[in-house]
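What follows is the content of upload19.cif, which has mmCIF, C-alpha atoms and all ligand atoms:
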data_work
#
loop_
_atom_site.label_atom_id
_atom_site.label_comp_id
_atom_site.auth_asym_id
_atom_site.auth_seq_id
_atom_site.Cartn_x
_atom_site.Cartn_y
_atom_site.Cartn_z
CA MET U 13 69.38 109.08 104.92
CA ARG U 14 71.43 111.80 103.17
CA LYS U 15 70.93 112.00 99.40
CA VAL U 16 73.91 111.81 97.05
CA ASN U 17 73.50 113.77 93.81
CA ILE U 18 74.17 111.58 90.78
CA PRO U 19 76.20 113.56 88.22
CA PRO U 20 75.02 113.50 84.56
CA ASP U 21 78.14 111.64 83.39
CA TYR U 22 77.72 109.00 86.11
CA GLU U 23 76.73 106.13 83.76
CA ALA U 24 79.73 106.67 81.44
CA LYS U 25 82.14 106.91 84.35
CA LYS U 26 80.56 103.91 86.07
CA ALA U 27 80.95 101.83 82.90
CA PHE U 28 84.63 102.76 82.62
CA PHE U 29 85.83 102.79 86.23
CA LEU U 30 83.61 100.39 88.15
CA ILE U 31 84.42 96.74 87.58
CA HIS U 32 82.47 93.63 88.56
CA PRO U 33 84.92 90.73 88.51
CA GLU U 34 83.50 87.23 88.62
CA SER U 35 86.91 85.63 88.95
CA ARG U 36 90.50 86.75 89.65
CA LEU U 37 91.43 89.95 87.86
CA ASP U 38 93.53 89.91 84.74
CA TYR U 39 95.35 93.26 84.91
CA LYS U 40 96.45 93.14 81.28
CA THR U 41 92.84 92.91 80.12
CA LEU U 42 91.79 95.54 82.62
CA PHE U 43 94.44 98.21 82.04
CA HIS U 44 95.77 97.21 78.60
CA ASN U 45 99.38 97.34 79.84
CA ASP U 46 101.88 95.51 82.09
CA ASN U 47 102.44 98.37 84.54
CA PRO U 48 102.73 97.71 88.30
CA VAL U 49 99.46 97.67 90.23
CA HIS U 50 98.79 99.45 93.53
CA LEU U 51 95.67 98.80 95.62
CA GLU U 52 93.89 101.19 97.97
CA ILE U 53 91.47 99.55 100.42
CA GLY U 54 88.71 101.79 101.82
CA CYS U 55 88.99 104.75 99.43
CA GLY U 56 86.43 106.85 101.34
CA LYS U 57 85.78 110.07 99.43
CA GLY U 58 88.59 109.43 96.96
CA GLU U 59 91.25 112.05 97.70
CA PHE U 60 94.04 109.50 97.29
CA ILE U 61 92.68 107.43 94.39
CA SER U 62 91.95 110.59 92.38
CA THR U 63 95.34 112.26 93.04
CA MET U 64 98.08 109.60 93.14
CA PRO U 65 97.24 108.06 89.71
CA VAL U 66 97.66 111.48 88.06
CA LEU U 67 101.11 111.86 89.68
CA HIS U 68 101.96 108.30 88.57
CA PRO U 69 100.53 107.46 85.17
CA GLU U 70 103.11 104.63 84.97
CA ILE U 71 101.27 102.77 87.77
CA ASN U 72 97.81 101.20 87.67
CA PHE U 73 95.60 101.84 90.69
CA LEU U 74 92.77 99.69 91.99
CA GLY U 75 90.49 101.18 94.62
CA ILE U 76 88.15 99.14 96.77
CA GLU U 77 85.35 100.78 98.74
CA MET U 78 82.36 99.01 100.23
CA LYS U 79 79.85 101.88 100.23
CA LEU U 80 78.04 102.79 97.01
CA LYS U 81 77.51 106.38 98.19
CA ARG U 82 81.27 106.77 98.52
CA ILE U 83 81.85 105.19 95.10
CA ILE U 84 79.53 107.83 93.62
CA ILE U 85 81.52 110.58 95.38
CA ILE U 86 84.80 109.07 94.12
CA LEU U 87 83.46 108.91 90.55
CA LYS U 88 82.87 112.67 90.68
CA ARG U 89 86.65 113.10 91.15
CA LEU U 90 87.66 110.81 88.27
CA TRP U 91 87.76 111.48 84.53
CA ILE U 92 88.34 108.90 81.82
CA ASP U 93 91.00 111.00 80.05
CA THR U 94 92.97 111.97 83.19
CA HIS U 95 92.55 108.68 85.11
CA PRO U 96 92.90 105.89 82.51
CA ASN U 97 94.99 103.98 85.10
CA VAL U 98 92.24 103.73 87.75
CA ARG U 99 89.57 101.09 88.35
CA LEU U 100 87.19 100.74 91.30
CA LEU U 101 85.47 97.81 92.96
CA GLN U 102 82.54 98.07 95.32
CA LEU U 103 83.38 95.29 97.74
CA TYR U 104 83.44 94.52 101.45
CA VAL U 105 87.07 93.49 101.95
CA ASP U 106 88.05 90.61 104.17
CA GLU U 107 90.46 87.70 103.70
CA LYS U 108 88.35 86.52 100.73
CA VAL U 109 89.69 89.46 98.71
CA THR U 110 92.24 86.97 97.33
CA GLU U 111 89.40 85.47 95.29
CA VAL U 112 89.58 88.65 93.20
CA ILE U 113 93.19 89.84 93.54
CA PRO U 114 95.78 87.43 92.09
CA GLU U 115 98.53 86.03 94.30
CA GLY U 116 101.84 87.95 94.25
CA SER U 117 100.41 90.59 91.92
CA LEU U 118 100.61 93.90 93.82
CA ASP U 119 103.51 96.30 94.22
CA LYS U 120 101.84 98.30 97.00
CA ILE U 121 98.76 98.29 99.20
CA TYR U 122 97.44 101.40 100.96
CA ILE U 123 95.02 101.21 103.90
CA GLN U 124 94.43 104.72 105.20
CA HIS U 125 92.41 105.35 108.33
CA PRO U 126 90.51 102.05 108.40
CA ASP U 127 87.46 102.09 110.68
CA PRO U 128 88.94 101.90 114.22
CA TRP U 129 86.01 100.15 115.96
CA PRO U 130 87.12 101.77 119.25
CA LYS U 131 84.79 99.93 121.67
CA ARG U 132 86.47 96.81 123.01
CA ARG U 133 83.47 94.61 122.18
CA HIS U 134 83.68 95.85 118.57
CA ASN U 135 87.44 95.25 118.18
CA LYS U 136 86.64 91.94 116.47
CA ASN U 137 85.34 93.96 113.49
CA ARG U 138 88.72 95.54 112.83
CA LEU U 139 90.09 94.87 109.36
CA ILE U 140 93.62 94.19 110.60
CA GLN U 141 93.41 90.63 111.93
CA GLN U 142 95.67 87.64 111.23
CA PRO U 143 93.53 86.04 108.43
CA PHE U 144 93.48 89.42 106.67
CA LEU U 145 97.26 89.81 107.08
CA ASP U 146 97.56 86.38 105.40
CA ALA U 147 95.54 87.81 102.52
CA LEU U 148 97.71 90.97 102.34
CA HIS U 149 100.80 88.78 102.27
CA LYS U 150 99.36 86.63 99.50
CA MET U 151 98.44 89.58 97.26
CA LEU U 152 101.81 91.40 97.51
CA LYS U 153 104.90 90.61 95.48
CA VAL U 154 107.98 89.64 97.52
CA GLY U 155 109.65 92.90 98.64
CA ALA U 156 106.47 94.93 98.06
CA THR U 157 104.96 96.95 100.89
CA VAL U 158 101.73 97.83 102.64
CA GLU U 159 101.26 101.34 104.04
CA LEU U 160 98.71 101.94 106.79
CA SER U 161 97.63 104.93 108.83
CA THR U 162 95.29 105.63 111.71
CA ASP U 163 94.54 108.50 114.08
CA HIS U 164 93.51 106.09 116.77
CA PRO U 165 96.36 105.29 119.25
CA ASP U 166 94.77 102.01 120.35
CA TYR U 167 94.30 100.82 116.77
CA ALA U 168 97.90 101.87 115.94
CA GLU U 169 99.15 99.73 118.81
CA TRP U 170 96.87 96.87 117.69
CA ILE U 171 98.23 97.05 114.12
CA VAL U 172 101.85 97.08 115.31
CA GLU U 173 101.15 94.08 117.59
CA GLU U 174 99.39 92.10 114.85
CA PHE U 175 102.28 92.62 112.42
CA ALA U 176 104.81 91.85 115.19
CA LYS U 177 103.30 88.34 115.47
CA ARG U 178 104.57 87.57 111.97
CA ARG U 179 107.94 86.70 110.53
CA ASP U 180 106.85 87.23 106.94
CA PHE U 181 106.55 91.03 107.16
CA GLU U 182 109.36 93.41 108.12
CA PRO U 183 108.58 96.84 109.66
CA ILE U 184 110.09 99.77 107.74
CA PHE U 185 109.87 101.95 110.89
CA PRO U 186 111.90 100.46 113.81
CA ASP U 187 109.09 101.14 116.35
CA GLY U 188 106.50 99.87 113.87
CA TYR U 189 105.15 103.38 113.28
CA THR U 190 106.08 107.02 112.83
CA GLN U 191 104.12 110.15 113.65
CA GLU U 192 106.32 112.29 111.46
CA SER U 193 104.12 113.94 108.89
CA PRO U 194 104.56 113.95 106.00
CA TYR U 195 106.67 110.82 106.41
CA ARG U 196 107.37 110.67 102.72
CA GLU U 197 107.13 112.87 99.65
CA GLU U 198 103.80 112.91 97.86
CA HIS U 199 101.79 112.47 101.02
CA ILE U 200 98.13 112.93 100.16
CA THR U 201 95.98 114.07 103.04
CA THR U 202 92.76 112.09 103.00
CA PHE U 203 89.41 113.36 104.23
CA PHE U 204 89.62 111.47 107.52
CA GLU U 205 93.19 112.56 108.16
CA LYS U 206 92.19 116.20 107.61
CA VAL U 207 89.11 116.04 109.83
CA ASN U 208 90.98 114.30 112.63
CA ALA U 209 93.96 116.65 112.36
CA GLU U 210 91.57 119.59 112.77
CA ALA U 211 90.29 117.87 115.91
CA GLY U 212 93.90 117.74 117.21
CA PHE U 213 94.79 114.11 116.40
CA LYS U 214 98.21 113.22 115.01
CA PRO U 215 98.20 110.26 112.63
CA TYR U 216 100.29 107.14 113.08
CA PHE U 217 101.87 105.83 109.86
CA MET U 218 102.91 102.20 109.48
CA HIS U 219 104.79 100.57 106.64
CA TYR U 220 105.62 96.86 106.23
CA LYS U 221 107.56 94.92 103.64
CA LYS U 222 106.62 91.40 102.54
CA LEU U 223 109.57 89.08 103.06
C1 LIG D 301 87.31 105.90 108.16
S1 LIG D 301 87.03 105.82 106.44
C2 LIG D 301 88.59 106.31 105.73
C3 LIG D 301 88.46 106.68 104.28
C4 LIG D 301 89.74 107.16 103.60
N1 LIG D 301 90.72 106.11 103.51
C5 LIG D 301 90.30 108.35 104.34
O1 LIG D 301 91.39 108.21 104.93
O2 LIG D 301 89.66 109.42 104.30
C6 LIG D 301 87.04 104.08 106.11
C7 LIG D 301 86.55 103.78 104.72
O3 LIG D 301 86.75 102.42 104.44
C8 LIG D 301 85.56 101.83 103.99
N2 LIG D 301 85.60 100.47 104.51
C9 LIG D 301 85.59 100.11 105.80
N3 LIG D 301 85.69 98.78 105.92
C10 LIG D 301 85.79 98.31 104.66
C11 LIG D 301 85.91 97.01 104.12
N4 LIG D 301 85.98 95.93 104.92
N5 LIG D 301 85.95 96.86 102.79
C12 LIG D 301 85.90 97.94 101.96
N6 LIG D 301 85.78 99.20 102.42
C13 LIG D 301 85.72 99.38 103.74
C14 LIG D 301 84.44 102.67 104.58
O4 LIG D 301 83.26 102.61 103.83
C15 LIG D 301 85.07 104.05 104.54
O5 LIG D 301 84.86 104.69 103.31
#

For this file, write the structure as structure tokens.
Ligand SMILES: C[S@@+](CC[C@H](N)C(=O)[O-])C[C@H]1O[C@@H](n2cnc3c(N)ncnc32)[C@H](O)[C@@H]1O
Amino acid sequence: MRKVNIPPDYEAKKAFFLIHPESRLDYKTLFHNDNPVHLEIGCGKGEFISTMPVLHPEINFLGIEMKLKRIIIILKRLWIDTHPNVRLLQLYVDEKVTEVIPEGSLDKIYIQHPDPWPKRRHNKNRLIQQPFLDALHKMLKVGATVELSTDHPDYAEWIVEEFAKRRDFEPIFPDGYTQESPYREEHITTFFEKVNAEAGFKPYFMHYKKL
């Protein structure tokens, strides 16, 4: 197993950024303000969750990542004075995420390059399934959106099909996805997007609004 070096300021950063909720989050207590809250699921090595909050200090950002090693890597990119609007949770996300995230509380959810589980017999492990879409719907405010991306054509098609089964989300892109990149200003290239782009893959971007 590869070792992850623990930085000297790890404990201080961990105490500030890493939260351990035992019930639904109270954002006011957490961030000490009433600003909108955006959630990133599967932060990986933290390119997005360390960059976007600096561009948008008027927004609070929650990042969820299941792997401790990745949380340690993300913490290396965060500083208490430059990222006061960021908090992290180490959590395996499934539909039970609504036990932590309050209903109708989020202005945006980002899910970038979720694990594609490419083998057919592993498809059942994919994050984007109907019970999880119910959870996404529950967490978002009406009119708020979820942005997703993947480099995997089969997973892109799967995501578009799963959302197409619903009447409570509206696709922002008429075909369900775009491969135009960047598809919006402030696009932050994540680690997986970069690696896959170098291997010749073109990401699919999907964007849905809660009705
Ligand atoms: C393929 S990586 C993509 C990371 C990052 N979003 C990027 O684009 O570089 C998927 C990440 O999501 C995390 N992850 C996968 N399934 C998860 C789940 N159910 N709950 C929380 N994190 C998850 C993995 O540990 C990994 O860091």

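Using all atoms listed in the file, the smallest distance between any of U:Ile71, U:Ala209, U:Tyr216, U:Asn137 and Pro165 of chain U comes from U:Tyr216.
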
Exercise: segment 110-118 of chain U partners within 12 Å, only C-alpha atoms, chain neighbours under 5 positions left out, as a PDB file with C-alpha atoms, in the frame of the given file:
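That gives us result-v6.pdb:
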ATOM      1  CA  ILE U  31      84.420  96.740  87.580  1.00  0.00           C
ATOM      2  CA  HIS U  32      82.470  93.630  88.560  1.00  0.00           C
ATOM      3  CA  PRO U  33      84.920  90.730  88.510  1.00  0.00           C
ATOM      4  CA  GLU U  34      83.500  87.230  88.620  1.00  0.00           C
ATOM      5  CA  SER U  35      86.910  85.630  88.950  1.00  0.00           C
ATOM      6  CA  ARG U  36      90.500  86.750  89.650  1.00  0.00           C
ATOM      7  CA  LEU U  37      91.430  89.950  87.860  1.00  0.00           C
ATOM      8  CA  ASP U  38      93.530  89.910  84.740  1.00  0.00           C
ATOM      9  CA  TYR U  39      95.350  93.260  84.910  1.00  0.00           C
ATOM     10  CA  LYS U  40      96.450  93.140  81.280  1.00  0.00           C
ATOM     11  CA  ASP U  46     101.880  95.510  82.090  1.00  0.00           C
ATOM     12  CA  ASN U  47     102.440  98.370  84.540  1.00  0.00           C
ATOM     13  CA  PRO U  48     102.730  97.710  88.300  1.00  0.00           C
ATOM     14  CA  VAL U  49      99.460  97.670  90.230  1.00  0.00           C
ATOM     15  CA  HIS U  50      98.790  99.450  93.530  1.00  0.00           C
ATOM     16  CA  LEU U  51      95.670  98.800  95.620  1.00  0.00           C
ATOM     17  CA  GLU U  52      93.890 101.190  97.970  1.00  0.00           C
ATOM     18  CA  ILE U  71     101.270 102.770  87.770  1.00  0.00           C
ATOM     19  CA  ASN U  72      97.810 101.200  87.670  1.00  0.00           C
ATOM     20  CA  PHE U  73      95.600 101.840  90.690  1.00  0.00           C
ATOM     21  CA  LEU U  74      92.770  99.690  91.990  1.00  0.00           C
ATOM     22  CA  GLY U  75      90.490 101.180  94.620  1.00  0.00           C
ATOM     23  CA  ILE U  76      88.150  99.140  96.770  1.00  0.00           C
ATOM     24  CA  LEU U 101      85.470  97.810  92.960  1.00  0.00           C
ATOM     25  CA  GLN U 102      82.540  98.070  95.320  1.00  0.00           C
ATOM     26  CA  LEU U 103      83.380  95.290  97.740  1.00  0.00           C
ATOM     27  CA  TYR U 104      83.440  94.520 101.450  1.00  0.00           C
ATOM     28  CA  VAL U 105      87.070  93.490 101.950  1.00  0.00           C
ATOM     29  CA  PRO U 143      93.530  86.040 108.430  1.00  0.00           C
ATOM     30  CA  PHE U 144      93.480  89.420 106.670  1.00  0.00           C
ATOM     31  CA  LEU U 145      97.260  89.810 107.080  1.00  0.00           C
ATOM     32  CA  ASP U 146      97.560  86.380 105.400  1.00  0.00           C
ATOM     33  CA  ALA U 147      95.540  87.810 102.520  1.00  0.00           C
ATOM     34  CA  LEU U 148      97.710  90.970 102.340  1.00  0.00           C
ATOM     35  CA  HIS U 149     100.800  88.780 102.270  1.00  0.00           C
ATOM     36  CA  LYS U 150      99.360  86.630  99.500  1.00  0.00           C
ATOM     37  CA  MET U 151      98.440  89.580  97.260  1.00  0.00           C
ATOM     38  CA  LEU U 152     101.810  91.400  97.510  1.00  0.00           C
ATOM     39  CA  LYS U 153     104.900  90.610  95.480  1.00  0.00           C
ATOM     40  CA  VAL U 154     107.980  89.640  97.520  1.00  0.00           C
ATOM     41  CA  GLY U 155     109.650  92.900  98.640  1.00  0.00           C
ATOM     42  CA  ALA U 156     106.470  94.930  98.060  1.00  0.00           C
ATOM     43  CA  THR U 157     104.960  96.950 100.890  1.00  0.00           C
ATOM     44  CA  VAL U 158     101.730  97.830 102.640  1.00  0.00           C
ATOM     45  CA  LYS U 222     106.620  91.400 102.540  1.00  0.00           C
ATOM     46  CA  LEU U 223     109.570  89.080 103.060  1.00  0.00           C
TER      47      LEU U 223
END

Contacts with ligand LIG 301 (chain D) at most 10 Å, only C-alpha atoms and all ligand atoms counted, listed as an mmCIF file with C-alpha atoms, in the coordinates of the input:
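Listing of out_14.cif after writing:
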data_model
loop_
_atom_site.group_PDB
_atom_site.id
_atom_site.type_symbol
_atom_site.label_atom_id
_atom_site.label_comp_id
_atom_site.auth_asym_id
_atom_site.auth_seq_id
_atom_site.Cartn_x
_atom_site.Cartn_y
_atom_site.Cartn_z
ATOM 1 C CA GLU U 52 93.890 101.190 97.970
ATOM 2 C CA ILE U 53 91.470 99.550 100.420
ATOM 3 C CA GLY U 54 88.710 101.790 101.820
ATOM 4 C CA CYS U 55 88.990 104.750 99.430
ATOM 5 C CA GLY U 56 86.430 106.850 101.340
ATOM 6 C CA LYS U 57 85.780 110.070 99.430
ATOM 7 C CA GLY U 58 88.590 109.430 96.960
ATOM 8 C CA GLU U 59 91.250 112.050 97.700
ATOM 9 C CA PHE U 60 94.040 109.500 97.290
ATOM 10 C CA ILE U 61 92.680 107.430 94.390
ATOM 11 C CA GLY U 75 90.490 101.180 94.620
ATOM 12 C CA ILE U 76 88.150 99.140 96.770
ATOM 13 C CA GLU U 77 85.350 100.780 98.740
ATOM 14 C CA MET U 78 82.360 99.010 100.230
ATOM 15 C CA LYS U 79 79.850 101.880 100.230
ATOM 16 C CA LEU U 80 78.040 102.790 97.010
ATOM 17 C CA LYS U 81 77.510 106.380 98.190
ATOM 18 C CA ARG U 82 81.270 106.770 98.520
ATOM 19 C CA ILE U 83 81.850 105.190 95.100
ATOM 20 C CA LEU U 101 85.470 97.810 92.960
ATOM 21 C CA GLN U 102 82.540 98.070 95.320
ATOM 22 C CA LEU U 103 83.380 95.290 97.740
ATOM 23 C CA TYR U 104 83.440 94.520 101.450
ATOM 24 C CA VAL U 105 87.070 93.490 101.950
ATOM 25 C CA ASP U 106 88.050 90.610 104.170
ATOM 26 C CA GLU U 107 90.460 87.700 103.700
ATOM 27 C CA VAL U 109 89.690 89.460 98.710
ATOM 28 C CA TYR U 122 97.440 101.400 100.960
ATOM 29 C CA ILE U 123 95.020 101.210 103.900
ATOM 30 C CA GLN U 124 94.430 104.720 105.200
ATOM 31 C CA HIS U 125 92.410 105.350 108.330
ATOM 32 C CA PRO U 126 90.510 102.050 108.400
ATOM 33 C CA ASP U 127 87.460 102.090 110.680
ATOM 34 C CA PRO U 128 88.940 101.900 114.220
ATOM 35 C CA TRP U 129 86.010 100.150 115.960
ATOM 36 C CA ASN U 137 85.340 93.960 113.490
ATOM 37 C CA ARG U 138 88.720 95.540 112.830
ATOM 38 C CA LEU U 139 90.090 94.870 109.360
ATOM 39 C CA ILE U 140 93.620 94.190 110.600
ATOM 40 C CA LEU U 160 98.710 101.940 106.790
ATOM 41 C CA SER U 161 97.630 104.930 108.830
ATOM 42 C CA THR U 162 95.290 105.630 111.710
ATOM 43 C CA ASP U 163 94.540 108.500 114.080
ATOM 44 C CA ILE U 200 98.130 112.930 100.160
ATOM 45 C CA THR U 201 95.980 114.070 103.040
ATOM 46 C CA THR U 202 92.760 112.090 103.000
ATOM 47 C CA PHE U 203 89.410 113.360 104.230
ATOM 48 C CA PHE U 204 89.620 111.470 107.520
ATOM 49 C CA GLU U 205 93.190 112.560 108.160
ATOM 50 C CA LYS U 206 92.190 116.200 107.610
ATOM 51 C CA VAL U 207 89.110 116.040 109.830
ATOM 52 C CA ASN U 208 90.980 114.300 112.630
#

key: From U:His134, U:Lys108, U:His164, U:Lys88, residue lying nearest Asn17 of chain U [all atoms listed in the file]   = U:Lys88

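Closest approach to Ile85 of chain U among U:Tyr22, U:Pro194, U:Phe43, U:Met218 is made by U:Tyr22 (distances from all atoms listed in the file).
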
How about completing segment 135-154 of chain U with N, CA and C atoms and giving it to me as a compact mmCIF listing (two decimals), keeping the file's coordinate frame?
# COMPACT_ATOMS: atom_id res chain seq x y z
N ASN U 135 86.08 95.44 118.72
CA ASN U 135 87.44 95.25 118.18
C ASN U 135 87.50 94.12 117.16
N LYS U 136 86.64 93.11 117.37
CA LYS U 136 86.64 91.94 116.47
C LYS U 136 86.29 92.32 115.02
N ASN U 137 85.69 93.51 114.85
CA ASN U 137 85.34 93.96 113.49
C ASN U 137 86.49 94.63 112.76
N ARG U 138 87.61 94.84 113.47
CA ARG U 138 88.72 95.54 112.83
C ARG U 138 89.24 94.75 111.63
N LEU U 139 89.60 95.51 110.59
CA LEU U 139 90.09 94.87 109.36
C LEU U 139 91.41 94.14 109.60
N ILE U 140 92.28 94.76 110.41
CA ILE U 140 93.62 94.19 110.60
C ILE U 140 93.54 93.06 111.63
N GLN U 141 93.44 91.85 111.13
CA GLN U 141 93.41 90.63 111.93
C GLN U 141 94.30 89.64 111.18
N GLN U 142 94.72 88.57 111.85
CA GLN U 142 95.67 87.64 111.23
C GLN U 142 95.19 87.07 109.88
N PRO U 143 93.93 86.59 109.75
CA PRO U 143 93.53 86.04 108.43
C PRO U 143 93.64 87.09 107.32
N PHE U 144 93.37 88.37 107.68
CA PHE U 144 93.48 89.42 106.67
C PHE U 144 94.95 89.71 106.35
N LEU U 145 95.82 89.62 107.35
CA LEU U 145 97.26 89.81 107.08
C LEU U 145 97.77 88.68 106.17
N ASP U 146 97.21 87.47 106.34
CA ASP U 146 97.56 86.38 105.40
C ASP U 146 97.19 86.80 103.98
N ALA U 147 96.01 87.40 103.85
CA ALA U 147 95.54 87.81 102.52
C ALA U 147 96.43 88.92 101.94
N LEU U 148 96.81 89.89 102.80
CA LEU U 148 97.71 90.97 102.34
C LEU U 148 99.02 90.36 101.83
N HIS U 149 99.54 89.41 102.62
CA HIS U 149 100.80 88.78 102.27
C HIS U 149 100.69 88.07 100.92
N LYS U 150 99.58 87.38 100.74
CA LYS U 150 99.36 86.63 99.50
C LYS U 150 99.33 87.56 98.28
N MET U 151 98.65 88.69 98.41
CA MET U 151 98.44 89.58 97.26
C MET U 151 99.70 90.32 96.84
N LEU U 152 100.60 90.60 97.82
CA LEU U 152 101.81 91.40 97.51
C LEU U 152 102.87 90.56 96.82
N LYS U 153 103.68 91.25 95.99
CA LYS U 153 104.90 90.61 95.48
C LYS U 153 105.92 90.56 96.62
N VAL U 154 106.89 89.67 96.53
CA VAL U 154 107.98 89.64 97.52
C VAL U 154 108.72 90.99 97.44
